[in-house]
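J.: Right, I'll just put the structure down here and ask away after.
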Amino acid sequence: MPIYHTLGRIPRKRHIAFRKPDGGIYAEELVGHEGFLGTSSLLYHIHPPTTVKSARRLRETKYEADGDQTLRHRHFLTARAKKGGSATLDRLPLLFNQDIAMLYVEPDENDAHFYRNAQADELVYISKGKGVLETSYGQLPFWEGDYLIIHRGILHRYRFDLNAEQPKLVIFESRGHVRWPKRYRNEFGQLIEGAPYSERDIRRPTFVDPVDEMGDFPILVKQYDGINEIVLDHHPLDVVGWDGYFYPWAFNINDFEPIVGRVHQPPPVHQTFQGDGFVVCSFCPRPYDFHPEAIPAPYNHSNVDSDEVLYYASSEFMSRKGIEFGSITHHPDGIPHGPHPGRAEASIGAKYTDELAVMMDSFHPLKVAKAALAIEDPNYHKSWLQTQHAQFNPPTS
Ligand SMILES: [Fe+2]
């Protein structure tokens with residue numbers, strides 16, 4: 001995350017004694033990736049972050065693939081997903097490969113435990129709901145349309161406003177570091193003119209007073225494809241200050257400024273994030289292509305080296321046959337996809353789209369999780385036939 005940020009109190013120089021009022025020394029902790037060479041932050045704790053009272057393996061989370069590997073287009077309806085539970089422990093796995101996993105949850109409770117994913121960055125799309133993310137780096141309020149970028153190793157806890165709309169979260173677990181696309185930045189790291197968002201659109205944590213409290217504080221750490229419980233002897237949110245480049249942040253999809261053209265623009269103009277082995281794009285409300293004979297609907301395409309997944313985040317699609325709010329389509333490498341019957345013709349002359357969708361393109365094939373079969377529309381792969389799903393209108397991806 002190439003914006004330097006600092007909150008709370010820190011000493012004048014790194015790695016020198018930073019005294020507490022009682023004369024003791026605050027415990028310094030460097031949190032960063034790529035072995036001291038990637039982005040990092042330096043945190044100052046009241047208590048050392050190492051005082052573990054106990055450790056145990058709670059559960060396995062390795063994703064199990066659908067045994068039927070028949071190549072076909074897939075469609076999942078998250079409205080059919082089991083509701084409730086914890087935002088961190090009751091996620092429904094949908095699709096995954098070695099680089100990326102996509103999960104879904106509609107939590108109805110706030111976790112007592114803190115959580116940290118040690119094996120993946122988490123990119124969380126808040127499709128519905130609002131609340132506050134408590135973290136070692138301060139608080140990050142979130143609301144509908146937010147992407148929360150919670151890099152690996154960042155301790156956090158969701159505090160949903162349970163009196164507001166039912167939270168609906170789409171989670172991407174990334175083995176690599178989630179970042180801004182390189183082409184949006186200049187050699188100094190600043191977002192360039194013409195990028196679809198700027199530093200002003202990036203929301204960073206705000207400071208909260210540290211908690212100095214002893215006791216048993218469970219932290220659930222996802223590592224080795226399982227949940228591990230580490231019990232600390234003190235409250236983990238005991239940071240008096242920090243600085244650096246490694247921290248959780250938020251970006252709202254409605255702050256993405258669409259790039260439009262006279263004729264159909266390809267999905268890379270919608271790119272929002274870069275990972276290792278995948279990209280994430282945002283399809284936002286925008287004017288359609290303005291050549292008088294332009295076909296705004298996407299042309300048929302074969303992505304010969306990527307799978308394409310779309311999460312439909314707008315009620316705009318609710319009235320359309322075959323698709324609904326919360327639908328997820330998976331168009332795998334190996335079969336072309338494109339507009340449904342009649343849609344290309346019908347789109348000519350259209351001036352504007354209200355679509356809102358999150359797309360993840362993976363560069364290695366995705367597997368469908370066995371758990372996702374319960375929410376699948378099994379006939380979707382036949383929906384391009386003239387007699388099926390005639391009104392279906394996917395975003396212009
Ligand atoms: Fe596509």
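We label chains A, B, ... in the order they appear in the structure tokens, count residues from 1 in each chain, and number ligands from 1 in the order shown.
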Please provide the set of residues having any atom within 10 Å of region 272-279 of chain A, restricted to only C-alpha atoms, with same-chain residues fewer than 2 positions apart removed, written as a ChimeraX atom specification.
T.: /A:97-100,121,123,149,174-182,184,195-197,251,253,256,268-270,281-283,306-308,358-364
J.: Please, which residues have at least one atom within 7 Å of an atom of ligand 1, using only C-alpha atoms and all ligand atoms, listed as a ChimeraX atom specification?
T.: /A:301,308,337-338,397
J.: Write out as a list in words each polymer residue whose atoms come within 7 Å of region 133-137 of chain A, counting only C-alpha atoms; drop sequence neighbours fewer than 2 positions from it.
T.: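 Using only C-alpha atoms, the neighbours found are Gly131, Gln139, Leu140, Pro141, Leu155, His156, Arg157, Tyr158, Arg159, Pro205, Leu237, Val239 and Tyr247 of chain A.
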J.: Kindly save the residues from that selection, with C-alpha atoms included, as a PDB file, in the first residue's frame.
T.:
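File written: result.pdb
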ATOM      1  CA  GLY A 131     -20.069  -1.536  10.738  1.00  0.00           C
ATOM      2  CA  GLN A 139     -10.675   1.474  13.373  1.00  0.00           C
ATOM      3  CA  LEU A 140     -11.919   1.307   9.819  1.00  0.00           C
ATOM      4  CA  PRO A 141     -15.633   2.098   9.426  1.00  0.00           C
ATOM      5  CA  LEU A 155      -5.369  -8.775  13.367  1.00  0.00           C
ATOM      6  CA  HIS A 156      -8.969  -7.632  13.142  1.00  0.00           C
ATOM      7  CA  ARG A 157     -12.532  -8.080  14.306  1.00  0.00           C
ATOM      8  CA  TYR A 158     -15.772  -7.105  12.569  1.00  0.00           C
ATOM      9  CA  ARG A 159     -18.317  -5.059  14.491  1.00  0.00           C
ATOM     10  CA  PRO A 205      -7.769   3.527   9.788  1.00  0.00           C
ATOM     11  CA  LEU A 237      -5.489  -3.957  20.666  1.00  0.00           C
ATOM     12  CA  VAL A 239      -0.997  -0.340  20.135  1.00  0.00           C
ATOM     13  CA  TYR A 247      -2.241  -1.601   7.142  1.00  0.00           C
TER      14      TYR A 247
END
J.: My list of candidates is A:Gly241, A:Gly153, A:Pro285, A:Gly67. Which is closest to Val221 (chain A) when distances are computed with only C-alpha atoms?
T.: A:Gly153
J.: Enumerate, as a ChimeraX atom specification, the complete set of residues in region 77-181 of chain A that a backbone-based DSSP assignment places in strand (DSSP E or B).
T.: /A:77,92-96,100-105,114-117,121-128,131-135,138-142,146-150,156-160,168-174,179
J.: Would you please work out which residue, of A:Asp333, A:Asp255, A:Asp233, A:Glu213, is nearest to Leu71 (chain A) when using only C-alpha atoms?
T.: A:Asp333
J.: Tell me, which residues of region 176-259 of chain A carry DSSP helix (DSSP H, G or I), written as a PyMOL selection string?
T.: chain A and resi 182-184+199-201+253-255
J.: One number please: CA of Lys128 (chain A) to CA of Ala313 (chain A), in Å, one decimal.
T.: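 Here the two named atoms are 9.0 Å from each other.
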J.: Would you mind listing what lies within 7 Å of Gly84 (chain A) as a ChimeraX atom specification, with only C-alpha atoms counted and same-chain residues fewer than 6 positions away left out?
T.: /A:106-108
J.: Emit the selected residues as a CSV table (one decimal), in the first residue's frame, including C-alpha atoms.
T.:
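As a result, again_31.csv now contains:
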chain,number,residue,atom,x,y,z
A,106,GLU,CA,-24.2,-13.4,5.7
A,107,PRO,CA,-23.2,-13.0,9.3
A,108,ASP,CA,-25.8,-12.3,12.0
J.: List as a PyMOL selection string the protein and nucleic acid residues near Asp66 (chain A), meaning an atom at most 7 Å away when only C-alpha atoms are counted, but skip any in the same chain fewer than 6 places from it.
T.: chain A and resi 368-370
J.: Would you mind exporting N, CA and C atoms of the selected residues as a PDB file, in the first residue's frame?
T.:
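And here is the file that came out, out.pdb:
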ATOM      1  N   VAL A 368     -14.757 -25.522  -8.672  1.00  0.00           N
ATOM      2  CA  VAL A 368     -15.971 -25.212  -7.925  1.00  0.00           C
ATOM      3  C   VAL A 368     -15.931 -25.984  -6.614  1.00  0.00           C
ATOM      4  N   ALA A 369     -16.199 -25.291  -5.520  1.00  0.00           N
ATOM      5  CA  ALA A 369     -16.212 -25.960  -4.222  1.00  0.00           C
ATOM      6  C   ALA A 369     -17.470 -26.825  -4.104  1.00  0.00           C
ATOM      7  N   LYS A 370     -17.311 -27.972  -3.502  1.00  0.00           N
ATOM      8  CA  LYS A 370     -18.444 -28.893  -3.324  1.00  0.00           C
ATOM      9  C   LYS A 370     -19.587 -28.189  -2.580  1.00  0.00           C
TER      10      LYS A 370
END
J.: Which residues are close to region 345-350 of chain A, i.e. within 10 Å by only C-alpha atoms, leaving aside same-chain residues fewer than 2 positions away? Reply as a list in words.
T.: Pro287, Tyr288, Asp289, Phe290, His291, Pro292, Glu293, Ala294, Ile295, Pro296, Ala297, Pro298, Pro339, Pro341, Gly342, Arg343, Tyr352, Thr353 and Asn393 of chain A
J.: Convert the current residue selection to file output with C-alpha atoms, as a CSV table (one decimal), in the first residue's frame.
T.:
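Wrote out16.csv, looks like this:
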chain,number,residue,atom,x,y,z
A,287,PRO,CA,-22.7,6.1,-20.0
A,288,TYR,CA,-22.6,3.5,-22.8
A,289,ASP,CA,-20.4,3.6,-25.9
A,290,PHE,CA,-21.2,6.7,-28.0
A,291,HIS,CA,-20.4,5.7,-31.6
A,292,PRO,CA,-23.8,5.9,-33.3
A,293,GLU,CA,-23.6,2.2,-34.4
A,294,ALA,CA,-21.8,0.9,-31.3
A,295,ILE,CA,-22.9,-2.3,-29.7
A,296,PRO,CA,-22.6,-1.7,-26.0
A,297,ALA,CA,-23.2,-5.4,-25.2
A,298,PRO,CA,-20.0,-7.4,-25.0
A,339,PRO,CA,-24.4,-11.8,-24.7
A,341,PRO,CA,-29.8,-14.1,-27.4
A,342,GLY,CA,-31.1,-10.8,-28.6
A,343,ARG,CA,-29.1,-8.7,-26.2
A,352,TYR,CA,-26.5,4.3,-19.9
A,353,THR,CA,-26.1,1.3,-17.7
A,393,ASN,CA,-28.2,-9.6,-19.6
J.: For Ala120 (chain A), which of A:Arg185, A:Arg19, A:Lys222, A:Arg72 is the closest residue, counting only C-alpha atoms?
T.: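 Nearest to Ala120 (chain A): A:Lys222.
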J.: So what do you get for CA of Gly32 (chain A) versus CA of Gly244 (chain A), distance-wise?
T.: 9.3 Å
J.: I need the residue nearest Ser327 (chain A) from this list: A:His151, A:Thr61, A:Thr78, A:Asp225. Use only C-alpha atoms for the distance.
T.: A:Thr78
J.: Using only C-alpha atoms, which of the listed residues (A:Pro93, A:Pro167, A:Pro236, A:Pro266) sits closest to Pro218 (chain A)?
T.: A:Pro236
